[in-house]
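coords-v2.txt follows; it contains compact mmCIF, C-alpha atoms.
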# COMPACT_ATOMS: atom_id res chain seq x y z
CA MET A 1387 139.73 -6.75 -225.59
CA ASN A 1388 137.33 -5.75 -222.87
CA THR A 1389 137.99 -6.28 -219.18
CA ILE A 1390 135.80 -9.34 -218.91
CA GLU A 1391 137.56 -11.05 -221.81
CA ALA A 1392 140.92 -10.25 -220.23
CA ILE A 1393 139.81 -11.76 -216.90
CA GLN A 1394 138.43 -14.85 -218.61
CA SER A 1395 141.38 -15.48 -220.89
CA ARG A 1396 144.20 -14.78 -218.41
CA ARG A 1397 145.91 -18.02 -217.41
CA ALA A 1398 149.25 -18.80 -215.81
CA ILE A 1399 151.57 -19.49 -218.75
CA LYS A 1400 154.86 -21.30 -218.28
CA GLN A 1401 156.32 -21.45 -221.81
CA TYR A 1402 157.58 -18.27 -223.46
CA ASP A 1403 159.39 -17.17 -226.58
CA ALA A 1404 162.81 -16.44 -225.13
CA THR A 1405 163.75 -14.44 -228.24
CA HIS A 1406 160.98 -11.86 -227.89
CA PRO A 1407 162.09 -8.59 -226.31
CA MET A 1408 159.26 -6.47 -224.90
CA PRO A 1409 159.41 -2.97 -226.42
CA GLN A 1410 160.48 -0.39 -223.84
CA GLU A 1411 157.24 1.61 -224.30
CA VAL A 1412 155.08 -1.45 -223.60
CA GLU A 1413 157.04 -2.18 -220.43
CA ARG A 1414 156.62 1.42 -219.30
CA GLN A 1415 152.90 1.37 -220.09
CA LEU A 1416 152.42 -1.86 -218.09
CA LEU A 1417 154.17 -0.49 -215.04
CA GLU A 1418 152.39 2.86 -215.24
CA LEU A 1419 149.08 0.98 -215.29
CA ALA A 1420 150.14 -1.11 -212.28
CA MET A 1421 150.83 2.17 -210.47
CA LEU A 1422 147.14 3.09 -210.85
CA SER A 1423 146.16 0.19 -208.57
CA PRO A 1424 144.61 1.21 -205.28
CA THR A 1425 146.54 1.25 -202.01
CA ALA A 1426 145.17 1.95 -198.55
CA PHE A 1427 145.58 5.63 -197.61
CA ASN A 1428 147.23 6.00 -201.04
CA ILE A 1429 150.55 4.90 -199.51
CA GLN A 1430 151.67 3.32 -202.80
CA ASN A 1431 153.75 0.84 -200.87
CA TRP A 1432 154.67 -1.37 -203.85
CA ARG A 1433 158.14 -1.35 -205.40
CA PHE A 1434 158.45 -3.10 -208.75
CA VAL A 1435 161.84 -4.58 -209.58
CA ILE A 1436 162.14 -5.35 -213.28
CA VAL A 1437 164.86 -7.89 -213.76
CA LYS A 1438 166.50 -7.49 -217.17
CA ASP A 1439 170.05 -8.60 -216.55
CA MET A 1440 170.13 -12.22 -217.74
CA GLU A 1441 172.78 -13.15 -215.19
CA VAL A 1442 170.47 -12.00 -212.40
CA ARG A 1443 167.59 -13.89 -214.00
CA LYS A 1444 169.65 -17.07 -214.04
CA GLN A 1445 170.48 -16.64 -210.37
CA ILE A 1446 166.79 -16.20 -209.57
CA ARG A 1447 165.83 -19.22 -211.67
CA ALA A 1448 168.32 -21.33 -209.71
CA VAL A 1449 166.39 -20.57 -206.50
CA SER A 1450 162.95 -20.84 -208.15
CA TRP A 1451 162.74 -24.60 -208.67
CA ASP A 1452 164.44 -24.02 -212.05
CA GLN A 1453 161.20 -22.76 -213.59
CA ALA A 1454 161.81 -21.83 -217.24
CA GLN A 1455 159.58 -18.75 -217.31
CA VAL A 1456 162.00 -16.92 -215.00
CA THR A 1457 164.55 -16.63 -217.79
CA ASP A 1458 162.38 -17.17 -220.90
CA ALA A 1459 159.68 -14.55 -220.39
CA SER A 1460 160.33 -11.09 -221.85
CA ILE A 1461 160.32 -9.45 -218.44
CA LEU A 1462 160.38 -10.64 -214.86
CA VAL A 1463 158.81 -8.29 -212.30
CA VAL A 1464 159.49 -8.89 -208.61
CA LEU A 1465 156.70 -7.24 -206.65
CA CYS A 1466 158.16 -5.90 -203.43
CA ALA A 1467 156.79 -3.53 -200.83
CA ASP A 1468 158.29 -0.93 -198.53
CA LEU A 1469 156.89 -1.83 -195.09
CA SER A 1470 157.63 1.66 -193.83
CA SER A 1471 156.13 3.67 -196.71
CA TRP A 1472 153.40 4.83 -194.29
CA GLU A 1473 156.01 6.85 -192.38
CA GLN A 1474 158.04 8.10 -195.35
CA ASN A 1475 156.74 11.69 -195.46
CA PRO A 1476 153.09 10.59 -195.77
CA ALA A 1477 151.88 14.14 -196.45
CA ARG A 1478 153.10 13.71 -200.03
CA TYR A 1479 150.47 11.00 -200.68
CA TRP A 1480 147.75 13.63 -200.15
CA ARG A 1481 149.51 16.81 -201.22
CA ASN A 1482 146.92 17.65 -203.91
CA ALA A 1483 143.84 16.90 -201.79
CA PRO A 1484 141.71 19.64 -200.18
CA GLU A 1485 143.20 20.76 -196.87
CA PRO A 1486 140.49 19.28 -194.60
CA VAL A 1487 141.01 15.92 -196.30
CA GLN A 1488 144.76 16.18 -195.75
CA ASN A 1489 144.26 17.16 -192.12
CA PHE A 1490 142.02 14.16 -191.52
CA LEU A 1491 143.83 11.50 -193.52
CA VAL A 1492 147.53 12.15 -193.03
CA PRO A 1493 147.52 11.70 -189.22
CA ALA A 1494 145.28 8.62 -189.62
CA ILE A 1495 148.05 6.84 -191.53
CA ALA A 1496 150.49 6.62 -188.61
CA GLN A 1497 147.64 5.73 -186.29
CA TYR A 1498 146.75 2.78 -188.53
CA TYR A 1499 150.23 1.30 -189.02
CA SER A 1500 152.46 2.49 -186.18
CA GLY A 1501 153.77 -0.36 -184.05
CA LYS A 1502 151.74 -2.97 -185.98
CA PRO A 1503 154.17 -5.08 -188.02
CA GLN A 1504 151.54 -7.64 -189.06
CA VAL A 1505 149.22 -4.88 -190.34
CA GLN A 1506 152.13 -3.42 -192.32
CA ARG A 1507 152.94 -6.81 -193.80
CA ASP A 1508 149.30 -7.60 -194.65
CA GLU A 1509 149.16 -4.26 -196.49
CA ALA A 1510 152.27 -5.17 -198.45
CA MET A 1511 150.78 -8.47 -199.63
CA ARG A 1512 147.36 -6.98 -200.38
CA SER A 1513 148.71 -3.99 -202.33
CA CYS A 1514 151.03 -6.19 -204.37
CA GLY A 1515 148.16 -8.61 -205.04
CA MET A 1516 146.03 -5.82 -206.49
CA ALA A 1517 148.90 -4.35 -208.52
CA GLY A 1518 149.89 -7.80 -209.73
CA GLN A 1519 146.44 -8.53 -211.09
CA THR A 1520 146.44 -5.11 -212.80
CA LEU A 1521 149.74 -6.00 -214.42
CA MET A 1522 148.50 -9.41 -215.59
CA LEU A 1523 145.23 -8.10 -217.03
CA ALA A 1524 146.95 -5.16 -218.73
CA ALA A 1525 149.51 -7.59 -220.19
CA LYS A 1526 146.67 -9.66 -221.62
CA GLU A 1527 145.17 -6.56 -223.21
CA LEU A 1528 148.52 -5.71 -224.79
CA GLY A 1529 148.99 -9.15 -226.34
CA TYR A 1530 151.11 -10.71 -223.61
CA ASP A 1531 150.67 -13.54 -221.14
CA SER A 1532 151.92 -13.86 -217.61
CA CYS A 1533 152.73 -16.21 -214.77
CA PRO A 1534 152.37 -15.23 -211.12
CA MET A 1535 154.89 -17.08 -208.95
CA ASP A 1536 155.54 -17.63 -205.31
CA GLY A 1537 157.42 -20.88 -205.77
CA PHE A 1538 160.90 -19.60 -204.98
CA ASP A 1539 163.26 -19.06 -202.07
CA TYR A 1540 162.25 -15.62 -200.79
CA ASP A 1541 165.40 -15.08 -198.73
CA ALA A 1542 167.65 -16.02 -201.64
CA VAL A 1543 165.83 -13.72 -204.11
CA GLY A 1544 165.92 -10.95 -201.49
CA LYS A 1545 169.70 -11.31 -201.30
CA ILE A 1546 170.09 -11.34 -205.08
CA LEU A 1547 168.10 -8.07 -205.32
CA SER A 1548 169.76 -6.46 -202.26
CA LEU A 1549 166.31 -6.08 -200.73
CA PRO A 1550 166.41 -3.50 -197.90
CA SER A 1551 165.57 -4.90 -194.45
CA ASP A 1552 162.35 -2.85 -194.21
CA HIS A 1553 161.08 -4.26 -197.53
CA VAL A 1554 159.44 -7.60 -198.35
CA ILE A 1555 158.90 -9.57 -201.53
CA SER A 1556 155.26 -10.40 -202.23
CA PHE A 1557 155.56 -12.45 -205.42
CA MET A 1558 157.00 -12.40 -208.95
CA ILE A 1559 155.30 -12.15 -212.33
CA ALA A 1560 156.87 -13.32 -215.58
CA ILE A 1561 155.41 -11.61 -218.67
CA GLY A 1562 156.05 -12.56 -222.28
CA LYS A 1563 154.83 -14.10 -225.52
CA LYS A 1564 153.49 -17.57 -224.92
CA THR A 1565 154.58 -20.52 -227.03
CA GLN A 1566 152.19 -23.00 -225.44
CA ASP A 1567 148.72 -22.72 -223.93
CA SER A 1568 148.04 -23.68 -220.36
CA TRP A 1569 146.07 -26.82 -219.59
CA PRO A 1570 142.33 -26.32 -218.98
CA ARG A 1571 141.47 -24.98 -215.51
CA PRO A 1572 142.38 -27.96 -213.35
CA GLY A 1573 139.74 -28.09 -210.61
CA GLN A 1574 137.63 -25.07 -209.86
CA LEU A 1575 135.53 -24.88 -206.71
CA ALA A 1576 131.77 -24.46 -206.94
CA TYR A 1577 130.26 -20.99 -206.59
CA ASN A 1578 128.49 -21.89 -203.36
CA GLU A 1579 131.68 -23.12 -201.80
CA VAL A 1580 133.40 -19.74 -202.01
CA VAL A 1581 130.55 -17.21 -202.08
CA LEU A 1582 128.52 -16.78 -198.89
CA GLU A 1583 125.70 -14.46 -197.89
CA ASN A 1584 125.81 -12.32 -194.74
CA GLY A 1585 128.24 -14.53 -192.86
CA PHE A 1586 129.61 -18.02 -192.28
CA MET B 151 135.42 -0.55 -222.13
CA ASN B 152 138.80 -2.14 -222.60
CA THR B 153 141.02 -3.25 -219.75
CA ILE B 154 143.28 -0.21 -219.91
CA GLU B 155 140.32 2.17 -219.71
CA ALA B 156 138.96 0.22 -216.72
CA ILE B 157 142.32 0.44 -214.94
CA GLN B 158 142.63 4.15 -215.67
CA SER B 159 139.09 5.11 -214.70
CA ARG B 160 138.76 3.00 -211.54
CA ARG B 161 138.86 5.20 -208.45
CA ALA B 162 137.80 4.68 -204.86
CA ILE B 163 134.26 6.06 -204.70
CA LYS B 164 132.64 6.92 -201.38
CA GLN B 165 129.17 8.20 -202.39
CA TYR B 166 126.59 5.78 -203.77
CA ASP B 167 122.95 5.75 -204.78
CA ALA B 168 121.48 3.87 -201.82
CA THR B 169 118.29 3.16 -203.79
CA HIS B 170 120.00 1.19 -206.57
CA PRO B 171 119.78 -2.57 -206.16
CA MET B 172 122.34 -4.54 -208.16
CA PRO B 173 120.56 -7.11 -210.36
CA GLN B 174 121.17 -10.64 -209.12
CA GLU B 175 122.72 -11.69 -212.45
CA VAL B 176 125.26 -8.84 -212.33
CA GLU B 177 126.24 -9.79 -208.79
CA ARG B 178 126.70 -13.41 -209.87
CA GLN B 179 128.74 -12.40 -212.91
CA LEU B 180 131.02 -10.22 -210.79
CA LEU B 181 131.70 -12.97 -208.30
CA GLU B 182 132.21 -15.59 -211.00
CA LEU B 183 134.80 -13.30 -212.59
CA ALA B 184 136.53 -12.81 -209.24
CA MET B 185 136.75 -16.61 -209.00
CA LEU B 186 138.88 -16.63 -212.17
CA SER B 187 141.66 -14.76 -210.36
CA PRO B 188 144.86 -16.72 -209.91
CA THR B 189 145.81 -18.41 -206.64
CA ALA B 190 149.05 -20.19 -205.83
CA PHE B 191 148.78 -23.93 -206.47
CA ASN B 192 145.17 -23.19 -207.48
CA ILE B 193 144.14 -23.41 -203.82
CA GLN B 194 141.33 -20.86 -204.34
CA ASN B 195 141.69 -19.76 -200.75
CA TRP B 196 139.36 -16.74 -200.99
CA ARG B 197 135.88 -16.76 -199.48
CA PHE B 198 133.63 -13.89 -200.55
CA VAL B 199 130.96 -12.84 -198.07
CA ILE B 200 128.29 -10.71 -199.73
CA VAL B 201 126.51 -8.71 -197.07
CA LYS B 202 122.92 -7.99 -198.11
CA ASP B 203 121.10 -7.87 -194.80
CA MET B 204 120.85 -4.16 -194.00
CA GLU B 205 120.98 -4.82 -190.27
CA VAL B 206 124.32 -6.56 -190.71
CA ARG B 207 125.53 -3.72 -192.91
CA LYS B 208 124.64 -1.19 -190.22
CA GLN B 209 126.54 -3.20 -187.63
CA ILE B 210 129.58 -3.26 -189.93
CA ARG B 211 129.30 0.47 -190.63
CA ALA B 212 129.33 1.14 -186.89
CA VAL B 213 132.78 -0.50 -186.63
CA SER B 214 134.05 1.02 -189.92
CA TRP B 215 134.50 4.64 -188.87
CA ASP B 216 130.86 5.18 -189.90
CA GLN B 217 131.78 5.23 -193.59
CA ALA B 218 128.64 5.75 -195.69
CA GLN B 219 129.59 3.41 -198.53
CA VAL B 220 129.22 0.41 -196.20
CA THR B 221 125.44 0.80 -196.18
CA ASP B 222 124.87 2.93 -199.31
CA ALA B 223 126.62 0.84 -201.96
CA SER B 224 124.55 -1.81 -203.76
CA ILE B 225 126.66 -4.65 -202.40
CA LEU B 226 129.33 -5.02 -199.78
CA VAL B 227 131.79 -7.87 -200.29
CA VAL B 228 134.02 -8.93 -197.41
CA LEU B 229 137.04 -10.71 -198.87
CA CYS B 230 138.04 -13.47 -196.49
CA ALA B 231 140.39 -16.40 -196.84
CA ASP B 232 140.51 -19.91 -195.48
CA LEU B 233 144.03 -20.24 -194.06
CA SER B 234 143.79 -24.01 -194.21
CA SER B 235 142.47 -24.41 -197.76
CA TRP B 236 145.84 -25.92 -198.70
CA GLU B 237 145.03 -28.96 -196.56
CA GLN B 238 141.31 -29.26 -197.40
CA ASN B 239 141.49 -32.20 -199.80
CA PRO B 240 144.00 -30.44 -202.10
CA ALA B 241 143.72 -33.16 -204.77
CA ARG B 242 140.45 -31.56 -205.87
CA TYR B 243 142.29 -28.39 -207.00
CA TRP B 244 144.09 -30.49 -209.64
CA ARG B 245 141.56 -33.24 -210.31
CA ASN B 246 141.31 -32.46 -214.06
CA ALA B 247 145.05 -32.10 -214.66
CA PRO B 248 147.17 -34.82 -216.31
CA GLU B 249 148.24 -37.42 -213.76
CA PRO B 250 151.98 -36.55 -213.73
CA VAL B 251 151.03 -32.92 -213.01
CA GLN B 252 148.78 -34.02 -210.16
CA ASN B 253 151.48 -36.27 -208.77
CA PHE B 254 154.00 -33.44 -208.77
CA LEU B 255 151.81 -30.56 -207.62
CA VAL B 256 149.48 -31.99 -205.00
CA PRO B 257 152.25 -33.11 -202.59
CA ALA B 258 154.05 -29.78 -203.16
CA ILE B 259 151.11 -27.90 -201.63
CA ALA B 260 151.50 -29.30 -198.11
CA GLN B 261 155.26 -28.93 -198.38
CA TYR B 262 154.84 -25.23 -199.14
CA TYR B 263 152.34 -24.31 -196.40
CA SER B 264 152.57 -26.92 -193.64
CA GLY B 265 153.66 -25.43 -190.32
CA LYS B 266 154.18 -21.97 -191.85
CA PRO B 267 151.44 -19.69 -190.50
CA GLN B 268 152.99 -16.50 -191.93
CA VAL B 269 153.22 -18.06 -195.40
CA GLN B 270 149.54 -19.08 -195.13
CA ARG B 271 148.55 -15.59 -194.08
CA ASP B 272 150.61 -13.90 -196.81
CA GLU B 273 148.83 -16.13 -199.33
CA ALA B 274 145.46 -15.07 -197.95
CA MET B 275 146.25 -11.37 -198.36
CA ARG B 276 147.83 -11.81 -201.80
CA SER B 277 145.00 -13.95 -203.21
CA CYS B 278 142.35 -11.56 -201.91
CA GLY B 279 144.29 -8.62 -203.33
CA MET B 280 144.27 -10.17 -206.81
CA ALA B 281 140.60 -11.19 -206.59
CA GLY B 282 139.66 -7.77 -205.23
CA GLN B 283 141.23 -5.96 -208.16
CA THR B 284 139.45 -8.34 -210.54
CA LEU B 285 136.18 -7.47 -208.83
CA MET B 286 136.82 -3.72 -209.02
CA LEU B 287 137.85 -3.76 -212.68
CA ALA B 288 134.94 -6.03 -213.66
CA ALA B 289 132.58 -3.71 -211.76
CA LYS B 290 133.91 -0.76 -213.76
CA GLU B 291 133.28 -2.65 -216.99
CA LEU B 292 129.70 -3.38 -215.93
CA GLY B 293 128.89 0.26 -215.12
CA TYR B 294 129.62 0.19 -211.40
CA ASP B 295 132.14 1.81 -209.12
CA SER B 296 133.83 0.48 -206.03
CA CYS B 297 135.67 1.32 -202.85
CA PRO B 298 138.30 -0.98 -201.34
CA MET B 299 138.41 -0.62 -197.55
CA ASP B 300 140.60 -1.70 -194.73
CA GLY B 301 139.56 1.07 -192.36
CA PHE B 302 137.47 -1.01 -189.98
CA ASP B 303 137.77 -3.07 -186.82
CA TYR B 304 138.77 -6.49 -188.15
CA ASP B 305 137.93 -8.37 -184.95
CA ALA B 306 134.51 -6.77 -184.72
CA VAL B 307 133.63 -7.52 -188.36
CA GLY B 308 134.90 -11.08 -187.87
CA LYS B 309 132.49 -11.48 -184.96
CA ILE B 310 129.57 -10.02 -186.93
CA LEU B 311 130.22 -12.50 -189.77
CA SER B 312 130.93 -15.47 -187.44
CA LEU B 313 134.32 -15.82 -189.11
CA PRO B 314 135.79 -19.29 -188.38
CA SER B 315 139.02 -19.27 -186.39
CA ASP B 316 141.06 -20.63 -189.32
CA HIS B 317 139.86 -17.82 -191.62
CA VAL B 318 141.01 -14.20 -191.90
CA ILE B 319 139.52 -11.06 -193.37
CA SER B 320 141.69 -9.39 -196.00
CA PHE B 321 139.60 -6.31 -196.86
CA MET B 322 136.12 -5.20 -197.94
CA ILE B 323 134.88 -3.76 -201.23
CA ALA B 324 131.72 -1.69 -201.58
CA ILE B 325 130.27 -1.74 -205.12
CA GLY B 326 127.46 0.44 -206.41
CA LYS B 327 126.31 3.34 -208.57
CA LYS B 328 128.27 6.46 -207.76
CA THR B 329 126.55 9.77 -207.06
CA GLN B 330 129.75 11.78 -206.81
CA ASP B 331 133.15 11.56 -208.45
CA SER B 332 136.30 11.09 -206.44
CA TRP B 333 138.76 13.93 -206.10
CA PRO B 334 141.69 13.93 -208.54
CA ARG B 335 144.47 11.46 -207.64
CA PRO B 336 145.90 13.13 -204.55
CA GLY B 337 149.66 12.61 -204.71
CA GLN B 338 151.12 9.97 -206.98
CA LEU B 339 154.74 8.92 -206.66
CA ALA B 340 157.11 9.29 -209.59
CA TYR B 341 157.79 6.29 -211.82
CA ASN B 342 161.43 6.13 -210.80
CA GLU B 343 160.53 6.03 -207.15
CA VAL B 344 158.59 2.78 -207.43
CA VAL B 345 160.08 1.04 -210.49
CA LEU B 346 163.62 -0.27 -210.18
CA GLU B 347 165.89 -2.25 -212.49
CA ASN B 348 167.63 -5.46 -211.44
CA GLY B 349 167.64 -4.66 -207.72
CA PHE B 350 167.74 -2.00 -205.02

Just give me the structure as structure tokens.
Amino acid sequence: MNTIEAIQSRRAIKQYDATHPMPQEVERQLLELAMLSPTAFNIQNWRFVIVKDMEVRKQIRAVSWDQAQVTDASILVVLCADLSSWEQNPARYWRNAPEPVQNFLVPAIAQYYSGKPQVQRDEAMRSCGMAGQTLMLAAKELGYDSCPMDGFDYDAVGKILSLPSDHVISFMIAIGKKTQDSWPRPGQLAYNEVVLENGF
Amino acid sequence: MNTIEAIQSRRAIKQYDATHPMPQEVERQLLELAMLSPTAFNIQNWRFVIVKDMEVRKQIRAVSWDQAQVTDASILVVLCADLSSWEQNPARYWRNAPEPVQNFLVPAIAQYYSGKPQVQRDEAMRSCGMAGQTLMLAAKELGYDSCPMDGFDYDAVGKILSLPSDHVISFMIAIGKKTQDSWPRPGQLAYNEVVLENGF
């Protein structure tokens, strides 16, 4: 399947075969591909929590409007981000780059994020968005479907996962073998409504 | 090129052939593919500003640390979002869905976003992140490279584009024909550092 076919055929799927376990090597491949998604300054701020324990899944489902895909999909990935990754020894993000590049970029990281909580949070959401789409398109390529979700109680899921106070949840993605197609795209906006030239 | 190859070979490219114009039909295809990216409640909150006017590009480059890709890439896409798309006649996002689905989902949209500016902003960043990765992977498939950017003065670019007050900029993506490869990935984190099981 080429990239364009994956983009065109990816839809949010809600019904999954609850008896299908994802092979460990497929799960690993999916997450390794997600880790190739870009992040600003290469800070790799995402943290992917794979929820396998069915008791934990049930707890999450209870605070996610009881949506079936939370427990029925083969895996549930909670995309989180470390808001302080920019200050966690940032030299390591550029350790293999030429020295002048390191000398320019590493100090720029703190300058960009330091004391700017909204900038840090925007980066968390943006990075997880990019990684999430990577995960969903890679899943499609590997014969799986997915459902991105932000319909859940963020504080409650944070507590269930023991989310550290300097981390945030961006969204969750359920991935599995679909048992039912999605409905046709329900109401897409026209090209000219969302694509503009040179400004508003 | 399959999806996995596109994910693996996509890198942030800074040097572009400034003489290569992207054919209009390729540009359209790229943006139409980006529009297939998922959004919560199908609110399609992204707004893609394609900057073609070279004078505008030069103004943006001047407030983007003078980065060459801003003017040298074939197209520059500024990924913006309408923070109030959730309340802009939301029934249209579900107009083709079965009536019970419409009746359940449309009222849920206002309930989710109303009076919650941080939730609206998170959605803007997340949606643009997903659409941006779609754009970059589709570009790769179509023989182009890209550079995601958030190293610029957001207020200044907002002014240049006459960004409405209820919109935000998420990031920019330069897309074009590369003239130079990127350096090797500069310092990737280990799998176990970013992938966790069942919680922190």

Q: Pick out the closest residue to B:Trp215 from this set: B:Met299, B:Ala184, B:Ala324, B:Ala289. Count all atoms listed in the file.
A: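 Ranked by minimum distance to B:Trp215, first place goes to B:Met299.
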
Q: May I have the residues within 10 Å of A:Asn1428 as a list in words, using only C-alpha atoms and disregarding those fewer than 4 positions away in the same chain?
A: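 Listed by chain and then number, they are Ser1423, Pro1424, Trp1472, Pro1476, Arg1478, Tyr1479, Trp1480, Leu1491 and Ile1495 of chain A; Arg335, Pro336, Gly337, Gln338 and Leu339 of chain B.
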
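With distances taken over all atoms listed in the file, B:Gln283 is the one residue among B:Gln179, B:Ser235, B:Gln270, B:Gln283 lying closest to chain A.
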
(Q) Quick check, in Å to one decimal: how far apart do atom CA of B:Ala260 and atom CA of B:Val227 lie? (A)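 Rounded to one decimal, the two atoms are 29.2 Å apart.
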
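A straight line drawn from atom CA of A:Ile1399 to atom CA of A:Lys1563 is 9.2 Å long.
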
Counting all atoms listed in the file, which residues in chain A sit no more than 6 Å from chain B? For each one, give the nearest pair of atoms and the distance in Å, sorted by chain then residue number, as a tab-separated table.
residue	atom	partner	partner_atom	distance
A:Met1387	CA	B:Asn152	CA	5.6
A:Asn1388	CA	B:Asn152	CA	3.9
A:Thr1389	CA	B:Thr153	CA	4.3
A:Arg1433	CA	B:Val344	CA	4.6
A:Phe1434	CA	B:Val345	CA	4.8
A:Val1435	CA	B:Leu346	CA	4.7
A:Ile1436	CA	B:Glu347	CA	4.9
A:Val1437	CA	B:Asn348	CA	4.4
A:Arg1478	CA	B:Gly337	CA	5.9
A:Tyr1479	CA	B:Gly337	CA	4.4
A:Trp1480	CA	B:Pro336	CA	4.8
A:Arg1481	CA	B:Gly337	CA	5.5
A:Asn1482	CA	B:Pro336	CA	4.7
A:Ala1483	CA	B:Pro336	CA	5.1
A:Met1511	CA	B:Arg276	CA	5.0
A:Arg1512	CA	B:Gly279	CA	4.6
A:Gly1515	CA	B:Gly279	CA	4.2
A:Met1516	CA	B:Gly279	CA	4.6
A:Gln1519	CA	B:Met280	CA	5.1
A:Leu1547	CA	B:Gly349	CA	4.2
A:Ser1548	CA	B:Phe350	CA	5.6
A:Pro1572	CA	B:Asn246	CA	4.7
A:Gly1573	CA	B:Tyr243	CA	4.4
A:Val1580	CA	B:Arg197	CA	4.6
A:Val1581	CA	B:Phe198	CA	4.8
A:Leu1582	CA	B:Val199	CA	4.7
A:Glu1583	CA	B:Ile200	CA	4.9
A:Asn1584	CA	B:Val201	CA	4.4
A:Gly1585	CA	B:Leu311	CA	4.2
A:Phe1586	CA	B:Ser312	CA	5.6

Since the input lacks atoms, please generate N, CA and C atoms for stretch 1421-1439 of chain A and provide them as a PDB file, in the coordinates of the input.
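Printed below is rebuild.pdb as written:
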ATOM      1  N   MET A1421     150.768   1.090-211.462  1.00  0.00           N
ATOM      2  CA  MET A1421     150.830   2.170-210.470  1.00  0.00           C
ATOM      3  C   MET A1421     149.489   2.868-210.255  1.00  0.00           C
ATOM      4  N   LEU A1422     148.487   2.538-211.062  1.00  0.00           N
ATOM      5  CA  LEU A1422     147.140   3.090-210.850  1.00  0.00           C
ATOM      6  C   LEU A1422     146.298   2.187-209.941  1.00  0.00           C
ATOM      7  N   SER A1423     146.881   1.090-209.487  1.00  0.00           N
ATOM      8  CA  SER A1423     146.160   0.190-208.570  1.00  0.00           C
ATOM      9  C   SER A1423     145.961   0.887-207.237  1.00  0.00           C
ATOM     10  N   PRO A1424     144.858   0.544-206.565  1.00  0.00           N
ATOM     11  CA  PRO A1424     144.610   1.210-205.280  1.00  0.00           C
ATOM     12  C   PRO A1424     145.547   0.728-204.186  1.00  0.00           C
ATOM     13  N   THR A1425     145.866   1.641-203.256  1.00  0.00           N
ATOM     14  CA  THR A1425     146.540   1.250-202.010  1.00  0.00           C
ATOM     15  C   THR A1425     145.830   1.967-200.872  1.00  0.00           C
ATOM     16  N   ALA A1426     145.807   1.353-199.722  1.00  0.00           N
ATOM     17  CA  ALA A1426     145.170   1.950-198.550  1.00  0.00           C
ATOM     18  C   ALA A1426     145.852   3.279-198.225  1.00  0.00           C
ATOM     19  N   PHE A1427     145.066   4.291-197.938  1.00  0.00           N
ATOM     20  CA  PHE A1427     145.580   5.630-197.610  1.00  0.00           C
ATOM     21  C   PHE A1427     146.486   6.174-198.722  1.00  0.00           C
ATOM     22  N   ASN A1428     146.385   5.594-199.905  1.00  0.00           N
ATOM     23  CA  ASN A1428     147.230   6.000-201.040  1.00  0.00           C
ATOM     24  C   ASN A1428     148.725   5.922-200.730  1.00  0.00           C
ATOM     25  N   ILE A1429     149.128   4.952-199.903  1.00  0.00           N
ATOM     26  CA  ILE A1429     150.550   4.900-199.510  1.00  0.00           C
ATOM     27  C   ILE A1429     151.461   4.329-200.591  1.00  0.00           C
ATOM     28  N   GLN A1430     150.865   3.776-201.654  1.00  0.00           N
ATOM     29  CA  GLN A1430     151.670   3.320-202.800  1.00  0.00           C
ATOM     30  C   GLN A1430     152.909   2.548-202.325  1.00  0.00           C
ATOM     31  N   ASN A1431     152.655   1.550-201.530  1.00  0.00           N
ATOM     32  CA  ASN A1431     153.750   0.840-200.870  1.00  0.00           C
ATOM     33  C   ASN A1431     154.496  -0.141-201.769  1.00  0.00           C
ATOM     34  N   TRP A1432     153.969  -0.428-202.968  1.00  0.00           N
ATOM     35  CA  TRP A1432     154.670  -1.370-203.850  1.00  0.00           C
ATOM     36  C   TRP A1432     155.955  -0.769-204.429  1.00  0.00           C
ATOM     37  N   ARG A1433     156.906  -1.684-204.666  1.00  0.00           N
ATOM     38  CA  ARG A1433     158.140  -1.350-205.400  1.00  0.00           C
ATOM     39  C   ARG A1433     158.312  -2.467-206.410  1.00  0.00           C
ATOM     40  N   PHE A1434     158.387  -2.106-207.679  1.00  0.00           N
ATOM     41  CA  PHE A1434     158.450  -3.100-208.750  1.00  0.00           C
ATOM     42  C   PHE A1434     159.880  -3.224-209.257  1.00  0.00           C
ATOM     43  N   VAL A1435     160.471  -4.382-209.073  1.00  0.00           N
ATOM     44  CA  VAL A1435     161.840  -4.580-209.580  1.00  0.00           C
ATOM     45  C   VAL A1435     161.741  -5.355-210.888  1.00  0.00           C
ATOM     46  N   ILE A1436     162.117  -4.691-211.980  1.00  0.00           N
ATOM     47  CA  ILE A1436     162.140  -5.350-213.280  1.00  0.00           C
ATOM     48  C   ILE A1436     163.530  -5.938-213.481  1.00  0.00           C
ATOM     49  N   VAL A1437     163.561  -7.251-213.619  1.00  0.00           N
ATOM     50  CA  VAL A1437     164.860  -7.890-213.760  1.00  0.00           C
ATOM     51  C   VAL A1437     165.146  -8.118-215.237  1.00  0.00           C
ATOM     52  N   LYS A1438     166.148  -7.408-215.746  1.00  0.00           N
ATOM     53  CA  LYS A1438     166.500  -7.490-217.170  1.00  0.00           C
ATOM     54  C   LYS A1438     167.813  -8.211-217.379  1.00  0.00           C
ATOM     55  N   ASP A1439     168.724  -8.005-216.449  1.00  0.00           N
ATOM     56  CA  ASP A1439     170.050  -8.600-216.550  1.00  0.00           C
ATOM     57  C   ASP A1439     169.915 -10.126-216.531  1.00  0.00           C
TER      58      ASP A1439
END
